[in-house]
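Engineer: Below you will find the structure I want to go over with you.
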Amino acid sequence: MTRPGPAVRDGRPAPDAAGPATAPATYAQERAWLASRLAHDPPTYCAVDEFPLHAAVTANDLVHALYVLMDRHEPLRTVLRTVDGRLRQEVHPRPEPKIELADLSAHDHAAQAEERRSLRARLARTPFDPHRAPQWRAAVLNLGEGAWSVVFAAHHTVYDTASGFNVHAELTELCAAAEEGREARLPRLPLGYGAYARRERERARTGGADAAAAHWRTRLRGLPPVHTVPLDRPRPPARTFRGGEVRAALPVGVTAALTGAARHHGTRPVMLFLAAWTALLHHHSGATDLAVGLPVAGRDDPATRAMVGTFVNMRVLRADLSGDPDGTELVRRTTAAVRAGEKFDIPFQSLVELLAAPRLPGVPPLYQLAFNHTPADGLGPPVSSCEEDLLLDVAGSGLRLVYDAALFDRSTADLLLADYLRLLAALLDAPGTRLSALPTGTAPRGTPRPAPTAPRARTAPRDAAEERVAAVWRTLLGTDTVDVHEDFFTAGGHSLQALRLLARLAPARGSGPTLRTFFADPTVAGLATALKSTPDGRTAWR
């Protein structure tokens, strides 16, 4: 098998073979990297796509095409590393990816489908080495009679949903070019991903996000710090990131009604799904002011449209359900709120810092309830990690509810998903019905009230280890006094500052507590204890 030489380019210089280049990580990479380090199930952060292709080509042609893609797109040659507590991209000139070949041409259709299913599952469950590039792998499958399939698995730090469309389009064109014996006509890439990352950071430093900051300060002022959907058990003081999921298919009648209903409301089907989700949360919590996290593509810059990489940002939707609106009004409010947010994109990390929202132990900042929608079918393999308390994930005609297993039972998740389907159907069938009259299968559950706790006296550092942690803590958070039992995030810290805290405390030999250990007890006392007991050979970010 051969790989392309350095001349295969789109007008930008070939990678420097002298060694890896470096660039700051993008905000999207930071979020994906941190989440994958904290997750109970790291393969959750591996995306797996399958690209069908039909051309008179060879397996060697497809391997060559994958190398062309890797040479064109920097993220496919990238691994992330921490330097002085800051995350950076390390872009390697010519890494060697793992590409499997399988000839399934002698199998019947059913056997091929089973082999492909098994391969996708295996690639999804195989974690990447976080210290080696590239952060992707693939399998080339010969299905016979000119039919091929490429199964492509990549870590979310280098790949997102839109990347999949770009990879498929470029593979298709490269196959056509190989079949016709011509040069491939691939889209020009105006800038590399590293250049994009530097431009993103520069924009944040020079105040280019001032209008967005003003919008979100106004829009999210007074946002409730935590939702009131009843939990099955008290929230633990530290997040476990252990999750579960339940799935369902959209009823045929609902699928058939979606397009017409969206046209009736002058909006897109996704807004109907989202409006129904906020209605369900209102039904179970009684709240009329709800925060919902929405992943967005983050590709408003035209230069990013043809790029492979991760650009996903999290946006906070503030849903207004006051006044018992009917379905039509709820969809209108939902659509208007989403459209307003589209004009003022800001990295989620910057939003958390900007708003300086109150942080409660074990509570994700700004939102704990989320919604995701993908037009195409394919929910992926089951997950056992979660970042939010509840996430409704809609993909084509399939739905899943991902829940925090420390807070909710599976039976509750089943109930919520069943209620959602009933409420969605009613919203489509009778949009003039008010929220209070929409049918669900259950009565609203009462909202538990936490037991009052007596105020606790502040405790100053009690030994050299606690004083050492407190000194770095004071520098990072700009505070004069430190209570060794105060939660780092309640005190105003955020995830990247936690990474810097650990980096500054790591001994010269590089050992120290892990991020997951710190998140389990994010206090001066907890970190001091971890520093005393961490075995050698572990880095602060592993």
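Chain labels A, B, ... are given in the sequence in which chains occur in the structure tokens; within each chain residues are numbered consecutively from 1, and ligands are likewise numbered from 1 in the order shown.
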Near Arg359 in chain A, within 12 Å and counting only C-alpha atoms, which residues show up once chain neighbours fewer than 4 positions away are dropped, as a PDB file with C-alpha atoms, in the first residue's frame?

Structural biologist:
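New file around35.pdb:
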```
ATOM      1  CA  PRO A 224     -31.644  29.697  38.458  1.00  0.00           C
ATOM      2  CA  PRO A 225     -28.363  27.989  39.428  1.00  0.00           C
ATOM      3  CA  VAL A 226     -29.922  24.511  39.440  1.00  0.00           C
ATOM      4  CA  PRO A 237     -21.231  16.700  46.801  1.00  0.00           C
ATOM      5  CA  VAL A 352     -18.995  30.598  32.736  1.00  0.00           C
ATOM      6  CA  GLU A 353     -16.227  33.039  33.654  1.00  0.00           C
ATOM      7  CA  LEU A 355     -21.310  35.395  34.383  1.00  0.00           C
ATOM      8  CA  VAL A 363     -23.745  20.902  40.147  1.00  0.00           C
ATOM      9  CA  PRO A 364     -22.581  21.587  36.549  1.00  0.00           C
ATOM     10  CA  PRO A 365     -22.431  25.357  35.882  1.00  0.00           C
ATOM     11  CA  LEU A 366     -25.241  27.272  34.135  1.00  0.00           C
ATOM     12  CA  TYR A 367     -27.264  24.246  32.994  1.00  0.00           C
ATOM     13  CA  GLU A 486     -14.590  25.269  50.562  1.00  0.00           C
ATOM     14  CA  ASP A 487     -15.412  23.820  47.142  1.00  0.00           C
ATOM     15  CA  PHE A 488     -13.015  25.094  44.445  1.00  0.00           C
ATOM     16  CA  PHE A 489     -15.863  25.696  42.000  1.00  0.00           C
ATOM     17  CA  THR A 490     -18.096  27.377  44.568  1.00  0.00           C
ATOM     18  CA  ALA A 491     -15.177  29.733  45.208  1.00  0.00           C
ATOM     19  CA  GLY A 492     -15.211  30.767  41.544  1.00  0.00           C
ATOM     20  CA  GLY A 493     -12.787  28.308  39.963  1.00  0.00           C
ATOM     21  CA  HIS A 494     -13.395  26.523  36.674  1.00  0.00           C
TER      22      HIS A 494
END
```

Engineer: Pick out the residues sitting within 8 Å of Trp148 in chain A, and hand them over as a ChimeraX atom specification; count only C-alpha atoms, and ignore anything fewer than 4 positions along from it in its own chain.

Structural biologist: /A:52-55,140-144

Engineer: Next, dump the selected residues to file, keeping only C-alpha atoms, as an mmCIF file, in the first residue's frame.

Structural biologist:
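Final output, saved to out37.cif:
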```cif
data_model
loop_
_atom_site.group_PDB
_atom_site.id
_atom_site.type_symbol
_atom_site.label_atom_id
_atom_site.label_comp_id
_atom_site.auth_asym_id
_atom_site.auth_seq_id
_atom_site.Cartn_x
_atom_site.Cartn_y
_atom_site.Cartn_z
ATOM 1 C CA PRO A 52 -20.554 3.820 1.869
ATOM 2 C CA LEU A 53 -18.676 4.220 -1.421
ATOM 3 C CA HIS A 54 -19.186 2.758 -4.902
ATOM 4 C CA ALA A 55 -16.342 2.963 -7.413
ATOM 5 C CA VAL A 140 -11.675 -0.460 4.683
ATOM 6 C CA LEU A 141 -14.288 -3.088 3.794
ATOM 7 C CA ASN A 142 -14.613 -4.654 0.341
ATOM 8 C CA LEU A 143 -18.297 -5.543 -0.097
ATOM 9 C CA GLY A 144 -17.944 -6.790 -3.685
#
```

Engineer: Please give the complete set of residues from range 35-283 of chain A that DSSP, run on the backbone, assigns to strand (DSSP E or B), formatted as number ranges by chain.

Structural biologist: A: 46-54, 78-83, 86-91, 98-103, 136-144, 147-155, 242-249

Engineer: When you look at range 92-101 of chain A with a cut-off of 7 Å (counting only C-alpha atoms), what residues show up, excluding the ones that are within fewer than 3 positions of it in the same chain? I need them as a list in words.

Structural biologist: Pro15, Asp16, Ala17, Gly19, Pro20, Ala21, Arg77, Thr78, Ala133, Pro134, Trp136, Arg137, Ala138, Ala139, Val140 and Leu141 of chain A

Engineer: Can you write just those residues out, C-alpha atoms, as a short mmCIF file (atom, residue, chain, number, x, y, z; two decimals), in the first residue's frame?

Structural biologist:
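Listed below is the output, selection_33.cif:
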```
data_model
loop_
_atom_site.label_atom_id
_atom_site.label_comp_id
_atom_site.auth_asym_id
_atom_site.auth_seq_id
_atom_site.Cartn_x
_atom_site.Cartn_y
_atom_site.Cartn_z
CA PRO A 15 3.57 19.51 6.84
CA ASP A 16 7.09 20.14 8.07
CA ALA A 17 8.76 16.74 8.29
CA GLY A 19 8.95 17.50 13.78
CA PRO A 20 5.57 18.34 15.31
CA ALA A 21 4.20 21.85 15.24
CA ARG A 77 -2.41 14.46 12.78
CA THR A 78 -2.91 15.99 16.23
CA ALA A 133 -1.14 10.81 17.17
CA PRO A 134 -3.27 10.28 15.25
CA TRP A 136 -8.36 8.20 14.65
CA ARG A 137 -8.44 4.73 13.12
CA ALA A 138 -10.31 3.19 10.19
CA ALA A 139 -11.28 -0.03 8.46
CA VAL A 140 -11.67 -0.46 4.68
CA LEU A 141 -14.29 -3.09 3.79
#
```

Engineer: Do you know which residues are at most 8 Å from range 279-282 of chain A counting only C-alpha atoms, after dropping those on the same chain fewer than 3 positions away, and could you put them as a list of chain:residue names?

Structural biologist: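 With the cut-off at 8 Å, the set is A:Val229, A:Ala275, A:Ala276, A:Ser285, A:Gly286, A:Ala287, A:Thr288, A:Leu290, A:Leu321, A:Leu416, A:Asp419, A:Tyr420, A:Leu423, A:Leu435.
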
Engineer: What parts of range 252-336 of chain A does DSSP call helix (DSSP H, G or I)? I'd like the answer as a PyMOL selection string.

Structural biologist: chain A and resi 252-265+269-285+302-304+327-336

Engineer: Could you list, as an MDAnalysis selection string, every residue within 9 Å of range 239-250 of chain A, counting only C-alpha atoms and ignoring same-chain residues fewer than 2 positions away?

Structural biologist: chainID A and resid 38:41 235:237 252:255 361:364 382:389 396:406 409:410 413:414 417:418 421 516 519:520

Engineer: Take the residues from that selection and put them in a file with N, CA and C atoms, as a compact mmCIF listing (two decimals), in the first residue's frame.

Structural biologist:
```txt
# COMPACT_ATOMS: atom_id res chain seq x y z
N LEU A 38 -12.65 13.10 32.57
CA LEU A 38 -13.48 12.94 33.77
C LEU A 38 -14.50 11.82 33.63
N ALA A 39 -14.74 11.39 32.41
CA ALA A 39 -15.80 10.42 32.16
C ALA A 39 -15.46 9.05 32.71
N HIS A 40 -16.51 8.37 33.14
CA HIS A 40 -16.35 6.99 33.59
C HIS A 40 -16.07 6.06 32.41
N ASP A 41 -16.54 6.44 31.23
CA ASP A 41 -16.47 5.58 30.05
C ASP A 41 -15.79 6.34 28.92
N ARG A 235 -28.42 14.84 45.74
CA ARG A 235 -27.25 15.07 44.89
C ARG A 235 -25.98 14.93 45.73
N PRO A 236 -25.02 14.10 45.28
CA PRO A 236 -23.77 13.97 46.04
C PRO A 236 -22.94 15.23 45.91
N PRO A 237 -22.03 15.47 46.85
CA PRO A 237 -21.23 16.70 46.80
C PRO A 237 -20.25 16.75 45.64
N VAL A 252 -44.75 6.13 14.43
CA VAL A 252 -44.90 6.45 13.00
C VAL A 252 -45.74 7.70 12.80
N GLY A 253 -46.81 7.83 13.57
CA GLY A 253 -47.68 8.99 13.42
C GLY A 253 -46.98 10.30 13.73
N VAL A 254 -46.11 10.29 14.74
CA VAL A 254 -45.36 11.49 15.11
C VAL A 254 -44.39 11.85 13.99
N THR A 255 -43.69 10.86 13.46
CA THR A 255 -42.74 11.12 12.37
C THR A 255 -43.44 11.73 11.18
N PRO A 361 -21.91 22.65 45.05
CA PRO A 361 -21.16 21.38 45.01
C PRO A 361 -21.89 20.31 44.20
N GLY A 362 -21.17 19.71 43.26
CA GLY A 362 -21.73 18.63 42.47
C GLY A 362 -22.67 19.07 41.37
N VAL A 363 -22.79 20.39 41.13
CA VAL A 363 -23.75 20.90 40.15
C VAL A 363 -22.98 21.48 38.95
N PRO A 364 -23.22 20.98 37.72
CA PRO A 364 -22.58 21.59 36.55
C PRO A 364 -23.00 23.06 36.42
N PRO A 382 -24.35 2.21 23.23
CA PRO A 382 -24.81 2.64 24.55
C PRO A 382 -23.70 3.35 25.32
N VAL A 383 -24.09 4.31 26.15
CA VAL A 383 -23.11 5.07 26.93
C VAL A 383 -23.30 4.76 28.41
N SER A 384 -22.23 4.90 29.16
CA SER A 384 -22.32 4.74 30.61
C SER A 384 -21.69 5.92 31.33
N SER A 385 -21.52 7.03 30.60
CA SER A 385 -21.03 8.28 31.19
C SER A 385 -22.03 9.39 30.89
N CYS A 386 -21.99 10.43 31.68
CA CYS A 386 -22.86 11.58 31.43
C CYS A 386 -22.17 12.84 31.92
N GLU A 387 -22.45 13.95 31.26
CA GLU A 387 -21.95 15.25 31.69
C GLU A 387 -23.04 16.07 32.36
N GLU A 388 -24.30 15.80 31.99
CA GLU A 388 -25.43 16.55 32.54
C GLU A 388 -26.29 15.64 33.41
N ASP A 389 -27.26 16.25 34.11
CA ASP A 389 -28.21 15.43 34.87
C ASP A 389 -29.10 14.64 33.92
N GLY A 396 -32.60 11.34 14.01
CA GLY A 396 -33.53 10.78 13.03
C GLY A 396 -34.82 10.37 13.70
N SER A 397 -35.15 9.09 13.65
CA SER A 397 -36.38 8.59 14.26
C SER A 397 -36.12 7.90 15.60
N GLY A 398 -34.92 8.04 16.15
CA GLY A 398 -34.59 7.42 17.43
C GLY A 398 -34.36 8.46 18.51
N LEU A 399 -34.69 8.10 19.75
CA LEU A 399 -34.47 8.98 20.88
C LEU A 399 -33.79 8.19 21.98
N ARG A 400 -32.98 8.89 22.76
CA ARG A 400 -32.48 8.30 24.00
C ARG A 400 -32.41 9.38 25.06
N LEU A 401 -32.66 8.96 26.27
CA LEU A 401 -32.52 9.84 27.42
C LEU A 401 -31.32 9.35 28.21
N VAL A 402 -30.28 10.18 28.29
CA VAL A 402 -29.09 9.87 29.06
C VAL A 402 -29.26 10.54 30.42
N TYR A 403 -29.01 9.78 31.50
CA TYR A 403 -29.27 10.32 32.83
C TYR A 403 -28.08 10.05 33.75
N ASP A 404 -27.94 10.92 34.74
CA ASP A 404 -26.92 10.77 35.76
C ASP A 404 -27.39 9.68 36.73
N ALA A 405 -26.67 8.57 36.76
CA ALA A 405 -27.10 7.42 37.57
C ALA A 405 -26.98 7.69 39.07
N ALA A 406 -26.24 8.73 39.46
CA ALA A 406 -26.18 9.08 40.87
C ALA A 406 -27.45 9.80 41.33
N ASP A 409 -33.03 6.93 38.85
CA ASP A 409 -33.16 5.50 38.58
C ASP A 409 -33.54 5.29 37.13
N ARG A 410 -33.26 4.11 36.62
CA ARG A 410 -33.65 3.79 35.25
C ARG A 410 -35.17 3.87 35.08
N ALA A 413 -36.11 7.34 34.33
CA ALA A 413 -35.77 7.71 32.96
C ALA A 413 -36.78 7.12 31.98
N ASP A 414 -37.20 5.88 32.20
CA ASP A 414 -38.24 5.28 31.35
C ASP A 414 -39.52 6.10 31.39
N LEU A 417 -39.10 9.45 29.46
CA LEU A 417 -39.09 9.31 28.01
C LEU A 417 -40.48 8.97 27.49
N ALA A 418 -41.20 8.11 28.20
CA ALA A 418 -42.57 7.80 27.78
C ALA A 418 -43.46 9.04 27.85
N LEU A 421 -42.77 11.34 24.83
CA LEU A 421 -43.40 10.92 23.57
C LEU A 421 -44.89 11.26 23.56
N ARG A 516 -9.74 13.51 37.93
CA ARG A 516 -10.91 12.84 38.48
C ARG A 516 -10.85 12.81 40.00
N PHE A 519 -11.81 16.29 41.24
CA PHE A 519 -13.24 16.57 41.12
C PHE A 519 -14.05 15.82 42.19
N ALA A 520 -13.51 14.69 42.67
CA ALA A 520 -14.22 13.95 43.71
C ALA A 520 -14.21 14.69 45.04
```

Engineer: Between A:Val91, A:Leu369, A:Ala59, A:Leu223, which has the minimum distance to Asp71 in chain A (counting only C-alpha atoms)?

Structural biologist: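 When distances to Asp71 in chain A are compared using only C-alpha atoms, the smallest one comes from A:Val91.
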
Engineer: Excluding Thr433 in chain A and residues on its chain fewer than 6 positions from it, collect all residues at most 8 Å away from it, counting only C-alpha atoms, and give them as JSON, numbers by chain.

Structural biologist: {"A": [326, 327, 427]}

Engineer: Please produce a file of those selected residues containing C-alpha atoms, as a PDB file, in the first residue's frame.

Structural biologist:
```pdb
ATOM      1  CA  ASP A 326     -50.305  26.992  24.491  1.00  0.00           C
ATOM      2  CA  GLY A 327     -48.216  24.854  22.135  1.00  0.00           C
ATOM      3  CA  LEU A 427     -48.208  19.133  20.966  1.00  0.00           C
TER       4      LEU A 427
END
```

Engineer: Could you tell me how far CA of Val150 in chain A sits from CA of Ala178 in chain A, in Å to one decimal place?

Structural biologist: 16.0 Å

Engineer: Need to verify the contact set: range 161-169 of chain A, 7 Å, only C-alpha atoms, exclusion of same-chain residues closer than 6 positions in sequence. Can you return it as a PyMOL selection string?

Structural biologist: chain A and resi 49+51+306-309

Engineer: For the residues in that selection, give me N, CA and C atoms as a short mmCIF file (atom, residue, chain, number, x, y, z; two decimals), in the first residue's frame.

Structural biologist:
```cif
data_model
loop_
_atom_site.label_atom_id
_atom_site.label_comp_id
_atom_site.auth_asym_id
_atom_site.auth_seq_id
_atom_site.Cartn_x
_atom_site.Cartn_y
_atom_site.Cartn_z
N ASP A 49 -18.24 6.68 12.39
CA ASP A 49 -19.05 6.87 11.19
C ASP A 49 -18.73 5.77 10.19
N PHE A 51 -18.93 5.16 6.03
CA PHE A 51 -19.12 5.86 4.76
C PHE A 51 -19.24 4.85 3.62
N ALA A 306 -15.37 23.55 5.41
CA ALA A 306 -14.82 22.35 4.78
C ALA A 306 -13.77 21.67 5.64
N MET A 307 -13.57 22.15 6.86
CA MET A 307 -12.50 21.62 7.70
C MET A 307 -12.95 20.38 8.48
N VAL A 308 -12.00 19.52 8.76
CA VAL A 308 -12.19 18.42 9.70
C VAL A 308 -11.57 18.84 11.03
N GLY A 309 -12.30 18.69 12.09
CA GLY A 309 -11.84 19.10 13.42
C GLY A 309 -13.03 19.21 14.32
#
```

Engineer: Report, in Å to a single decimal, how far apart CA of Thr278 in chain A and CA of Arg221 in chain A are.

Structural biologist: 19.5 Å

Engineer: Using Å and a single decimal, report how far CA of Leu76 in chain A sits from CA of Arg120 in chain A.

Structural biologist: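 These atoms are spaced 19.2 Å apart.
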
Engineer: Considering only C-alpha atoms, state which residue in the set A:Leu424, A:Ala530, A:Leu191, A:Pro269 is at the smallest distance from Pro251 in chain A.

Structural biologist: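 Ranking A:Leu424, A:Ala530, A:Leu191, A:Pro269 by distance to Pro251 in chain A, first place goes to A:Leu424.
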
Engineer: Using only C-alpha atoms, find the one residue out of A:Asp301, A:Glu115, A:Asp210, A:Glu170 that sits nearest to Tyr67 in chain A.

Structural biologist: A:Glu170
